[in-house]
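Working notes, beginning with the structure itself.
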Amino acid sequence: MRTKTNWTVMILITLGTILILFPLYMTITIALKTPEDMLASVFGLPKDLHFENFTNAIKMTNFFNALGNSAMVTTATVVLTLLTNSLVAYAIARNMNRKFFKGLYFYFISAMFIPFPIIMLPLVKLTAGFHMTNLVGLTILHTVYALAFNVFVYVGYIKSIPVALEEAARVDGTSTWGTFWRIIFPIMAPINATVGILICLSTYNDFLLPLIIISDTNSYTLPLVQYIFQGQFNTDFNLAFASYLMAMLPMIIIYLFAQKWIINGITQGAVK
């Protein structure tokens, strides 16, 4: 039996796809053009492909150094987040009947409603006092700042895991620490993948926190480097867009391969 096509939905999906793909199209075409090509036609395809724009952008922005800084901070943040935030959420989820842990849970949830600009200046003073104005400090701050949302997500997932699994492990003589790492943490693989990917995207693309924390120019991440060098591209948008394209390409590739993990983690957490 043939189903009737919902043309309203099809039109909305088509318009949404165009709105998403058009900026990417503009970024690619402008990155491959010369200033003369842009004057002739901003929206048209380039007559010749000028890949030298990428090499010039790499030299002007010290691209690979910034890419290494971003990759190091992102990788370390993802690992620390998965190891620490899941432990905090596990302790809260299994002790929600106690007032302290229940209050701690709502304390973390309340932190989600505090805008970052409110704590920005105190954060700068605190990090400077502890000499954390470097990549290590940036990694720690990313890990801590994501704790509120991750506890909210993790607790909901952990509460759906049967407590009988842990009781069986205790009967076999497994400690609480061993129970978590041998039983609970592997079961949390879908939600760990979801949290890991979201943290990866947000940390890699973050601009404001590195801007107020990092003081050494050699430690600048990609978004910060592009902002600092933006003044040089006022009359040469081709180099700017070439730099933008190279910066967002790693995350586009990661997201294309990892989007199924985000969807599976959310749906499995809802079904359990």
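Within each chain, counting starts at residue 1; across the structure tokens, chains are named A, B, ... in the order shown, with ligands numbered 1 upward in that order.
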
message = So that I can check the surroundings of A:Thr84, please list as a list in words every protein, DNA and RNA residue that reaches within 10 Å of it, counting only C-alpha atoms and ignoring chain neighbours fewer than 5 positions away.
response = Val79, Ala89, Tyr90, Thr143, Val144 and Leu147 of chain A

task = Quick one: pick out all helix (DSSP H, G or I) residues within stretch 157-249 of chain A from a backbone DSSP run and write them as a PyMOL selection string.
result = chain A and resi 157-158+163-171+176-187+189-205+208-213+217-219+222-233+237-249

ask   = If we count only C-alpha atoms, what is near stretch 107-123 of chain A at a cut-off of 10 Å, once residues fewer than 2 positions away on the same chain are taken out, given as a ChimeraX atom specification?
value = /A:101-105,125-129,141,145-152,208-209,212-213

Put those residues in a file: N, CA, C and O atoms, as a PDB file, in the first residue's frame.
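Just written: out.pdb:
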ATOM      1  N   PHE A 101      23.275  13.353  48.753  1.00  0.00           N
ATOM      2  CA  PHE A 101      23.473  13.085  47.336  1.00  0.00           C
ATOM      3  C   PHE A 101      22.341  13.681  46.498  1.00  0.00           C
ATOM      4  O   PHE A 101      22.573  14.136  45.375  1.00  0.00           O
ATOM      5  N   LYS A 102      21.129  13.666  47.039  1.00  0.00           N
ATOM      6  CA  LYS A 102      20.021  14.288  46.317  1.00  0.00           C
ATOM      7  C   LYS A 102      20.221  15.792  46.204  1.00  0.00           C
ATOM      8  O   LYS A 102      19.983  16.398  45.152  1.00  0.00           O
ATOM      9  N   GLY A 103      20.703  16.409  47.289  1.00  0.00           N
ATOM     10  CA  GLY A 103      21.012  17.837  47.245  1.00  0.00           C
ATOM     11  C   GLY A 103      22.159  18.133  46.296  1.00  0.00           C
ATOM     12  O   GLY A 103      22.158  19.148  45.590  1.00  0.00           O
ATOM     13  N   LEU A 104      23.157  17.218  46.277  1.00  0.00           N
ATOM     14  CA  LEU A 104      24.291  17.387  45.369  1.00  0.00           C
ATOM     15  C   LEU A 104      23.843  17.317  43.916  1.00  0.00           C
ATOM     16  O   LEU A 104      24.329  18.068  43.061  1.00  0.00           O
ATOM     17  N   TYR A 105      22.901  16.439  43.647  1.00  0.00           N
ATOM     18  CA  TYR A 105      22.371  16.298  42.282  1.00  0.00           C
ATOM     19  C   TYR A 105      21.704  17.597  41.833  1.00  0.00           C
ATOM     20  O   TYR A 105      21.985  18.109  40.733  1.00  0.00           O
ATOM     21  N   LYS A 125      40.368  35.309  37.465  1.00  0.00           N
ATOM     22  CA  LYS A 125      41.153  35.610  38.678  1.00  0.00           C
ATOM     23  C   LYS A 125      41.583  34.323  39.375  1.00  0.00           C
ATOM     24  O   LYS A 125      42.718  34.207  39.856  1.00  0.00           O
ATOM     25  N   LEU A 126      40.688  33.333  39.421  1.00  0.00           N
ATOM     26  CA  LEU A 126      40.997  32.074  40.103  1.00  0.00           C
ATOM     27  C   LEU A 126      42.076  31.296  39.365  1.00  0.00           C
ATOM     28  O   LEU A 126      43.027  30.798  39.974  1.00  0.00           O
ATOM     29  N   THR A 127      41.952  31.185  38.053  1.00  0.00           N
ATOM     30  CA  THR A 127      42.938  30.437  37.266  1.00  0.00           C
ATOM     31  C   THR A 127      44.304  31.121  37.289  1.00  0.00           C
ATOM     32  O   THR A 127      45.336  30.459  37.323  1.00  0.00           O
ATOM     33  N   ALA A 128      44.305  32.433  37.277  1.00  0.00           N
ATOM     34  CA  ALA A 128      45.582  33.152  37.352  1.00  0.00           C
ATOM     35  C   ALA A 128      46.249  32.929  38.712  1.00  0.00           C
ATOM     36  O   ALA A 128      47.468  32.782  38.810  1.00  0.00           O
ATOM     37  N   GLY A 129      45.440  32.881  39.772  1.00  0.00           N
ATOM     38  CA  GLY A 129      45.997  32.657  41.099  1.00  0.00           C
ATOM     39  C   GLY A 129      46.607  31.284  41.262  1.00  0.00           C
ATOM     40  O   GLY A 129      47.591  31.114  41.991  1.00  0.00           O
ATOM     41  N   LEU A 141      39.378  22.939  33.288  1.00  0.00           N
ATOM     42  CA  LEU A 141      38.188  23.780  33.310  1.00  0.00           C
ATOM     43  C   LEU A 141      37.100  23.236  32.391  1.00  0.00           C
ATOM     44  O   LEU A 141      35.917  23.258  32.733  1.00  0.00           O
ATOM     45  N   TYR A 145      33.576  22.241  33.873  1.00  0.00           N
ATOM     46  CA  TYR A 145      32.438  23.035  33.401  1.00  0.00           C
ATOM     47  C   TYR A 145      31.354  22.158  32.783  1.00  0.00           C
ATOM     48  O   TYR A 145      30.171  22.510  32.822  1.00  0.00           O
ATOM     49  N   ALA A 146      31.728  21.004  32.227  1.00  0.00           N
ATOM     50  CA  ALA A 146      30.743  20.113  31.615  1.00  0.00           C
ATOM     51  C   ALA A 146      30.096  19.167  32.622  1.00  0.00           C
ATOM     52  O   ALA A 146      29.206  18.393  32.262  1.00  0.00           O
ATOM     53  N   LEU A 147      30.539  19.230  33.883  1.00  0.00           N
ATOM     54  CA  LEU A 147      30.081  18.276  34.885  1.00  0.00           C
ATOM     55  C   LEU A 147      28.577  18.362  35.123  1.00  0.00           C
ATOM     56  O   LEU A 147      27.908  17.334  35.277  1.00  0.00           O
ATOM     57  N   ALA A 148      28.012  19.553  35.148  1.00  0.00           N
ATOM     58  CA  ALA A 148      26.589  19.715  35.462  1.00  0.00           C
ATOM     59  C   ALA A 148      25.712  18.989  34.456  1.00  0.00           C
ATOM     60  O   ALA A 148      24.847  18.179  34.831  1.00  0.00           O
ATOM     61  N   PHE A 149      25.927  19.255  33.178  1.00  0.00           N
ATOM     62  CA  PHE A 149      25.097  18.607  32.156  1.00  0.00           C
ATOM     63  C   PHE A 149      25.339  17.107  32.100  1.00  0.00           C
ATOM     64  O   PHE A 149      24.402  16.318  31.965  1.00  0.00           O
ATOM     65  N   ASN A 150      26.599  16.702  32.231  1.00  0.00           N
ATOM     66  CA  ASN A 150      26.926  15.278  32.136  1.00  0.00           C
ATOM     67  C   ASN A 150      26.351  14.491  33.311  1.00  0.00           C
ATOM     68  O   ASN A 150      25.923  13.340  33.135  1.00  0.00           O
ATOM     69  N   VAL A 151      26.343  15.065  34.502  1.00  0.00           N
ATOM     70  CA  VAL A 151      25.724  14.392  35.643  1.00  0.00           C
ATOM     71  C   VAL A 151      24.243  14.189  35.381  1.00  0.00           C
ATOM     72  O   VAL A 151      23.683  13.116  35.671  1.00  0.00           O
ATOM     73  N   PHE A 152      23.592  15.191  34.845  1.00  0.00           N
ATOM     74  CA  PHE A 152      22.169  15.082  34.507  1.00  0.00           C
ATOM     75  C   PHE A 152      21.919  13.941  33.516  1.00  0.00           C
ATOM     76  O   PHE A 152      20.983  13.146  33.690  1.00  0.00           O
ATOM     77  N   LEU A 208      35.486  31.104  23.721  1.00  0.00           N
ATOM     78  CA  LEU A 208      35.481  32.060  24.821  1.00  0.00           C
ATOM     79  C   LEU A 208      36.400  31.645  25.962  1.00  0.00           C
ATOM     80  O   LEU A 208      37.157  32.460  26.500  1.00  0.00           O
ATOM     81  N   LEU A 209      36.355  30.367  26.348  1.00  0.00           N
ATOM     82  CA  LEU A 209      37.182  29.922  27.477  1.00  0.00           C
ATOM     83  C   LEU A 209      38.680  30.021  27.164  1.00  0.00           C
ATOM     84  O   LEU A 209      39.436  30.550  28.000  1.00  0.00           O
ATOM     85  N   ILE A 212      39.919  33.776  27.406  1.00  0.00           N
ATOM     86  CA  ILE A 212      40.129  34.417  28.708  1.00  0.00           C
ATOM     87  C   ILE A 212      41.163  33.680  29.557  1.00  0.00           C
ATOM     88  O   ILE A 212      41.633  34.228  30.555  1.00  0.00           O
ATOM     89  N   ILE A 213      41.528  32.457  29.173  1.00  0.00           N
ATOM     90  CA  ILE A 213      42.437  31.649  30.001  1.00  0.00           C
ATOM     91  C   ILE A 213      43.860  31.652  29.454  1.00  0.00           C
ATOM     92  O   ILE A 213      44.827  31.887  30.185  1.00  0.00           O
TER      93      ILE A 213
END

Find the nearest atom pair between each residue of stretch 153-272 of chain A and stretch 36-53 of chain A for residues within 8 Å, count only C-alpha atoms, give distances in Å to one decimal, sort rows by chain and ascending number, and present the table as a Markdown table.
| residue | atom | partner | partner_atom | distance |
| --- | --- | --- | --- | --- |
| A:Asn238 | CA | A:Asn53 | CA | 6.7 |
| A:Leu239 | CA | A:Asn53 | CA | 5.3 |
| A:Ala242 | CA | A:Asn53 | CA | 6.3 |

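If you measure from each of A:Tyr220, A:Phe22, A:Tyr227, A:Phe257 to A:Asn134 using only C-alpha atoms, the closest one turns out to be A:Tyr220.
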